[in-house]
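Below is input.pdb, which holds PDB, C-alpha atoms.
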```pdb
ATOM      1  CA  MET V   1      -6.699 -12.899   2.918  1.00  0.00           C
ATOM      2  CA  THR V   2      -5.623 -15.481   0.409  1.00  0.00           C
ATOM      3  CA  GLU V   3      -2.135 -14.920  -0.867  1.00  0.00           C
ATOM      4  CA  ARG V   4      -1.669 -14.982  -4.608  1.00  0.00           C
ATOM      5  CA  ARG V   5       1.797 -16.435  -5.227  1.00  0.00           C
ATOM      6  CA  SER V   6       1.873 -16.035  -8.993  1.00  0.00           C
ATOM      7  CA  THR V   7       3.136 -12.853 -10.596  1.00  0.00           C
ATOM      8  CA  GLU V   8       0.345 -13.092 -13.160  1.00  0.00           C
ATOM      9  CA  PRO V   9      -2.830 -11.106 -12.477  1.00  0.00           C
ATOM     10  CA  VAL V  10      -5.636 -12.950 -10.744  1.00  0.00           C
ATOM     11  CA  SER V  11      -7.987 -13.976 -13.553  1.00  0.00           C
ATOM     12  CA  GLY V  12     -10.383 -11.106 -14.183  1.00  0.00           C
ATOM     13  CA  SER V  13      -9.142  -9.018 -11.243  1.00  0.00           C
ATOM     14  CA  GLY V  14      -6.606  -6.826 -13.002  1.00  0.00           C
ATOM     15  CA  TYR V  15      -3.844  -7.186 -10.370  1.00  0.00           C
ATOM     16  CA  ALA V  16      -1.616  -9.876  -8.817  1.00  0.00           C
ATOM     17  CA  GLY V  17      -3.740 -10.436  -5.716  1.00  0.00           C
ATOM     18  CA  ASP V  18      -4.108  -9.710  -2.026  1.00  0.00           C
ATOM     19  CA  LEU V  19      -1.613 -10.181   0.788  1.00  0.00           C
ATOM     20  CA  ASN V  20      -1.969  -9.314   4.445  1.00  0.00           C
ATOM     21  CA  SER V  21       0.374  -6.808   6.072  1.00  0.00           C
ATOM     22  CA  LYS V  22       2.789  -9.397   7.468  1.00  0.00           C
ATOM     23  CA  GLU V  23       3.038 -11.185   4.107  1.00  0.00           C
ATOM     24  CA  ALA V  24       3.746  -7.862   2.376  1.00  0.00           C
ATOM     25  CA  TRP V  25       6.446  -7.007   4.954  1.00  0.00           C
ATOM     26  CA  GLU V  26       8.062 -10.428   4.440  1.00  0.00           C
ATOM     27  CA  ARG V  27       8.046  -9.956   0.674  1.00  0.00           C
ATOM     28  CA  LEU V  28       9.533  -6.462   0.998  1.00  0.00           C
ATOM     29  CA  ALA V  29      12.197  -7.801   3.360  1.00  0.00           C
ATOM     30  CA  SER V  30      13.159 -10.618   0.992  1.00  0.00           C
ATOM     31  CA  ASP V  31      13.098  -8.585  -2.245  1.00  0.00           C
ATOM     32  CA  PRO V  32      15.047  -5.309  -2.169  1.00  0.00           C
ATOM     33  CA  ALA V  33      13.584  -4.360  -5.559  1.00  0.00           C
ATOM     34  CA  GLY V  34      10.004  -4.389  -4.219  1.00  0.00           C
ATOM     35  CA  GLN V  35       8.331  -1.133  -3.270  1.00  0.00           C
ATOM     36  CA  LEU V  36       5.477  -0.102  -0.969  1.00  0.00           C
ATOM     37  CA  LEU V  37       3.041   2.582  -2.107  1.00  0.00           C
ATOM     38  CA  ASP V  38       0.805   4.148   0.538  1.00  0.00           C
ATOM     39  CA  VAL V  39      -2.185   5.581  -1.341  1.00  0.00           C
ATOM     40  CA  ARG V  40      -4.032   7.189   1.574  1.00  0.00           C
ATOM     41  CA  THR V  41      -4.533  10.950   1.844  1.00  0.00           C
ATOM     42  CA  GLU V  42      -2.009  13.447   3.145  1.00  0.00           C
ATOM     43  CA  ALA V  43      -4.268  13.984   6.169  1.00  0.00           C
ATOM     44  CA  GLU V  44      -4.097  10.258   6.966  1.00  0.00           C
ATOM     45  CA  TRP V  45      -0.306  10.218   6.652  1.00  0.00           C
ATOM     46  CA  ASN V  46      -0.010  13.222   8.951  1.00  0.00           C
ATOM     47  CA  PHE V  47      -2.556  12.257  11.594  1.00  0.00           C
ATOM     48  CA  VAL V  48      -2.596   8.442  11.550  1.00  0.00           C
ATOM     49  CA  GLY V  49       1.018   7.649  10.617  1.00  0.00           C
ATOM     50  CA  VAL V  50       2.929   5.932   7.828  1.00  0.00           C
ATOM     51  CA  PRO V  51       4.752   2.612   7.448  1.00  0.00           C
ATOM     52  CA  ASP V  52       8.410   2.857   8.438  1.00  0.00           C
ATOM     53  CA  LEU V  53      10.584   0.953   5.968  1.00  0.00           C
ATOM     54  CA  GLY V  54      13.768   2.249   7.594  1.00  0.00           C
ATOM     55  CA  PRO V  55      14.637  -1.245   8.890  1.00  0.00           C
ATOM     56  CA  LEU V  56      14.625  -2.335   5.215  1.00  0.00           C
ATOM     57  CA  ARG V  57      16.688   0.706   4.177  1.00  0.00           C
ATOM     58  CA  ARG V  58      13.814   2.026   2.078  1.00  0.00           C
ATOM     59  CA  GLN V  59      10.959   4.490   2.211  1.00  0.00           C
ATOM     60  CA  ALA V  60       7.333   4.040   1.286  1.00  0.00           C
ATOM     61  CA  VAL V  61       6.125   6.002  -1.723  1.00  0.00           C
ATOM     62  CA  LEU V  62       3.318   8.316  -0.619  1.00  0.00           C
ATOM     63  CA  CYS V  63       0.892   9.018  -3.468  1.00  0.00           C
ATOM     64  CA  GLU V  64      -2.777   9.875  -2.928  1.00  0.00           C
ATOM     65  CA  TRP V  65      -5.331   7.746  -4.787  1.00  0.00           C
ATOM     66  CA  GLN V  66      -7.992  10.233  -3.699  1.00  0.00           C
ATOM     67  CA  ARG V  67      -7.649  13.802  -2.501  1.00  0.00           C
ATOM     68  CA  PHE V  68      -9.354  15.119   0.630  1.00  0.00           C
ATOM     69  CA  PRO V  69     -12.219  15.894   0.631  1.00  0.00           C
ATOM     70  CA  PRO V  70     -12.885  12.680  -1.296  1.00  0.00           C
ATOM     71  CA  ALA V  71     -12.252  13.299  -4.948  1.00  0.00           C
ATOM     72  CA  PRO V  72     -10.338  11.093  -7.381  1.00  0.00           C
ATOM     73  CA  ASN V  73      -6.732  11.968  -8.157  1.00  0.00           C
ATOM     74  CA  PRO V  74      -6.719  11.949 -11.975  1.00  0.00           C
ATOM     75  CA  GLY V  75      -2.914  12.148 -12.015  1.00  0.00           C
ATOM     76  CA  PHE V  76      -2.338   9.142  -9.740  1.00  0.00           C
ATOM     77  CA  VAL V  77      -0.630   6.830 -12.263  1.00  0.00           C
ATOM     78  CA  GLN V  78       1.687   9.586 -13.518  1.00  0.00           C
ATOM     79  CA  GLU V  79       2.513  10.778  -9.980  1.00  0.00           C
ATOM     80  CA  ALA V  80       3.186   7.227  -8.795  1.00  0.00           C
ATOM     81  CA  ALA V  81       5.336   6.489 -11.859  1.00  0.00           C
ATOM     82  CA  GLU V  82       7.417   9.629 -11.267  1.00  0.00           C
ATOM     83  CA  ALA V  83       7.838   8.874  -7.559  1.00  0.00           C
ATOM     84  CA  LEU V  84       8.870   5.284  -8.329  1.00  0.00           C
ATOM     85  CA  ALA V  85      11.375   6.453 -10.945  1.00  0.00           C
ATOM     86  CA  GLY V  86      12.824   8.872  -8.397  1.00  0.00           C
ATOM     87  CA  MET V  87      13.403   5.972  -6.026  1.00  0.00           C
ATOM     88  CA  GLY V  88      15.145   3.860  -8.662  1.00  0.00           C
ATOM     89  CA  TYR V  89      12.259   1.425  -9.155  1.00  0.00           C
ATOM     90  CA  ALA V  90      12.787  -1.016 -12.037  1.00  0.00           C
ATOM     91  CA  LYS V  91       9.650  -2.061 -13.909  1.00  0.00           C
ATOM     92  CA  GLY V  92       8.851  -5.698 -13.247  1.00  0.00           C
ATOM     93  CA  ALA V  93       9.661  -5.525  -9.535  1.00  0.00           C
ATOM     94  CA  PRO V  94       6.735  -6.154  -7.180  1.00  0.00           C
ATOM     95  CA  LEU V  95       4.638  -3.267  -5.905  1.00  0.00           C
ATOM     96  CA  PHE V  96       2.613  -3.438  -2.697  1.00  0.00           C
ATOM     97  CA  PHE V  97      -0.302  -1.028  -2.285  1.00  0.00           C
ATOM     98  CA  LEU V  98      -1.609   0.105   1.106  1.00  0.00           C
ATOM     99  CA  CYS V  99      -4.552   2.228   2.235  1.00  0.00           C
ATOM    100  CA  ARG V 100      -6.619   2.330   5.425  1.00  0.00           C
ATOM    101  CA  SER V 101      -8.483  -0.927   4.910  1.00  0.00           C
ATOM    102  CA  GLY V 102      -7.731  -2.327   1.454  1.00  0.00           C
ATOM    103  CA  ALA V 103     -10.278  -0.754  -0.921  1.00  0.00           C
ATOM    104  CA  ARG V 104      -8.424   2.235  -2.391  1.00  0.00           C
ATOM    105  CA  SER V 105      -5.190   0.246  -2.535  1.00  0.00           C
ATOM    106  CA  ARG V 106      -6.914  -2.474  -4.565  1.00  0.00           C
ATOM    107  CA  ALA V 107      -8.101   0.126  -7.087  1.00  0.00           C
ATOM    108  CA  ALA V 108      -4.587   1.613  -7.236  1.00  0.00           C
ATOM    109  CA  ALA V 109      -3.046  -1.845  -7.795  1.00  0.00           C
ATOM    110  CA  ILE V 110      -5.462  -2.419 -10.682  1.00  0.00           C
ATOM    111  CA  ALA V 111      -4.627   0.991 -12.219  1.00  0.00           C
ATOM    112  CA  MET V 112      -0.866   0.457 -12.005  1.00  0.00           C
ATOM    113  CA  THR V 113      -1.160  -3.076 -13.411  1.00  0.00           C
ATOM    114  CA  ALA V 114      -3.110  -1.631 -16.361  1.00  0.00           C
ATOM    115  CA  ALA V 115      -0.283   0.915 -16.828  1.00  0.00           C
ATOM    116  CA  GLY V 116       2.265  -1.902 -17.139  1.00  0.00           C
ATOM    117  CA  TYR V 117       3.717  -1.947 -13.629  1.00  0.00           C
ATOM    118  CA  GLY V 118       4.096  -4.739 -11.150  1.00  0.00           C
ATOM    119  CA  PRO V 119       3.210  -7.430 -10.290  1.00  0.00           C
ATOM    120  CA  CYS V 120       0.942  -5.256  -8.138  1.00  0.00           C
ATOM    121  CA  PHE V 121      -0.346  -6.612  -4.836  1.00  0.00           C
ATOM    122  CA  ASN V 122      -3.025  -5.172  -2.586  1.00  0.00           C
ATOM    123  CA  ILE V 123      -2.410  -5.220   1.169  1.00  0.00           C
ATOM    124  CA  GLY V 124      -5.959  -6.297   1.939  1.00  0.00           C
ATOM    125  CA  ASP V 125      -5.997  -5.597   5.673  1.00  0.00           C
ATOM    126  CA  GLY V 126      -4.667  -2.067   5.197  1.00  0.00           C
ATOM    127  CA  PHE V 127      -2.799   0.200   7.576  1.00  0.00           C
ATOM    128  CA  GLU V 128      -5.534   0.343  10.212  1.00  0.00           C
ATOM    129  CA  GLY V 129      -7.558  -2.781   9.490  1.00  0.00           C
ATOM    130  CA  ALA V 130     -11.254  -3.362  10.010  1.00  0.00           C
ATOM    131  CA  LEU V 131     -13.392  -1.832  12.716  1.00  0.00           C
ATOM    132  CA  ASP V 132     -13.228  -3.651  16.056  1.00  0.00           C
ATOM    133  CA  ALA V 133     -16.192  -4.327  18.385  1.00  0.00           C
ATOM    134  CA  SER V 134     -15.939  -0.738  19.693  1.00  0.00           C
ATOM    135  CA  ARG V 135     -15.930   0.605  16.104  1.00  0.00           C
ATOM    136  CA  HIS V 136     -12.271   1.646  16.304  1.00  0.00           C
ATOM    137  CA  ARG V 137      -9.545   0.859  13.795  1.00  0.00           C
ATOM    138  CA  GLY V 138      -5.974  -0.183  14.462  1.00  0.00           C
ATOM    139  CA  THR V 139      -6.603  -3.126  16.786  1.00  0.00           C
ATOM    140  CA  ALA V 140      -8.462  -5.729  14.696  1.00  0.00           C
ATOM    141  CA  GLY V 141      -5.982  -6.149  11.866  1.00  0.00           C
ATOM    142  CA  GLY V 142      -3.774  -4.220   9.530  1.00  0.00           C
ATOM    143  CA  TRP V 143      -0.209  -2.923   9.527  1.00  0.00           C
ATOM    144  CA  LYS V 144      -0.390  -1.258  12.946  1.00  0.00           C
ATOM    145  CA  ALA V 145      -2.121  -4.138  14.743  1.00  0.00           C
ATOM    146  CA  ALA V 146       0.390  -6.589  13.217  1.00  0.00           C
ATOM    147  CA  GLY V 147       3.140  -4.729  15.076  1.00  0.00           C
ATOM    148  CA  LEU V 148       4.945  -3.700  11.894  1.00  0.00           C
ATOM    149  CA  PRO V 149       7.104  -0.554  11.987  1.00  0.00           C
ATOM    150  CA  TRP V 150       5.346   2.767  11.564  1.00  0.00           C
ATOM    151  CA  ILE V 151       5.922   6.385  12.477  1.00  0.00           C
ATOM    152  CA  GLN V 152       3.764   9.401  13.129  1.00  0.00           C
ATOM    153  CA  SER V 153       4.690  13.031  12.594  1.00  0.00           C
TER     154      SER V 153
END
```
Kindly present the structure from the file in structure tokens form.
Amino acid sequence: MTERRSTEPVSGSGYAGDLNSKEAWERLASDPAGQLLDVRTEAEWNFVGVPDLGPLRRQAVLCEWQRFPPAPNPGFVQEAAEALAGMGYAKGAPLFFLCRSGARSRAAAIAMTAAGYGPCFNIGDGFEGALDASRHRGTAGGWKAAGLPWIQS
């Protein structure tokens, strides 16, 4: 993924750009005001795991972009805004959006940018990354394969 260093939206994209998981972790580590939003479903959080920001003395915001079975979450922006406010987020601080493989998180980053938040970055390789040669996720890229902290309930 190409990193977008500017805090201005990528021309025509509606958000600040894509980062990979390691770049997002480095940004979160260097900017205590930044926040990670995991936009996967509750089932994914429970069965696949969630990023562990404990080493950074923070927690990821968990807010579903889609419900399961797949259906849009019409209240996403409001729910995310409330969760961010509850964590002391200050508008203007960077937001990093994560899903399984980078598609839903990109849409969420665009929606939150349109609502006046951010700069909003998409973690393009996602939590589990792309499918590997055996058609499994979690080994060919993404948060888990990068060796970044995560937990499973």
Original post:
Pick the closest to V:Leu84 from V:Pro119, V:Cys63, V:Ala71, V:Thr139: which is it, counting all atoms listed in the file?
Top reply: V:Cys63
**OP:** Name the residues captured by the PyMOL selection byres ((chain V and resi 91-102) around 8) when it is applied to the shown file; answer as a ChimeraX atom specification.
**Re:** /V:24,33-40,89-90,103-106,108-109,117-130,142
Original post:
When distances are computed from all atoms listed in the file, which of V:Ile151, V:Leu62, V:Ala85, V:Ala115 shows the smallest separation from V:Thr41?
Top reply: V:Leu62
**OP:** For the file shown, report as a PyMOL selection string the outcome of the PyMOL selection byres ((chain V and resi 146-149) around 8) at residue level.
**Re:** chain V and resi 21-22+25+51-53+141-145+150-151
**OP:** For atom CA of V:Val50 and atom CA of V:Gln152, quote the distance in Å rounded to one decimal.
**Re:** 6.4 Å
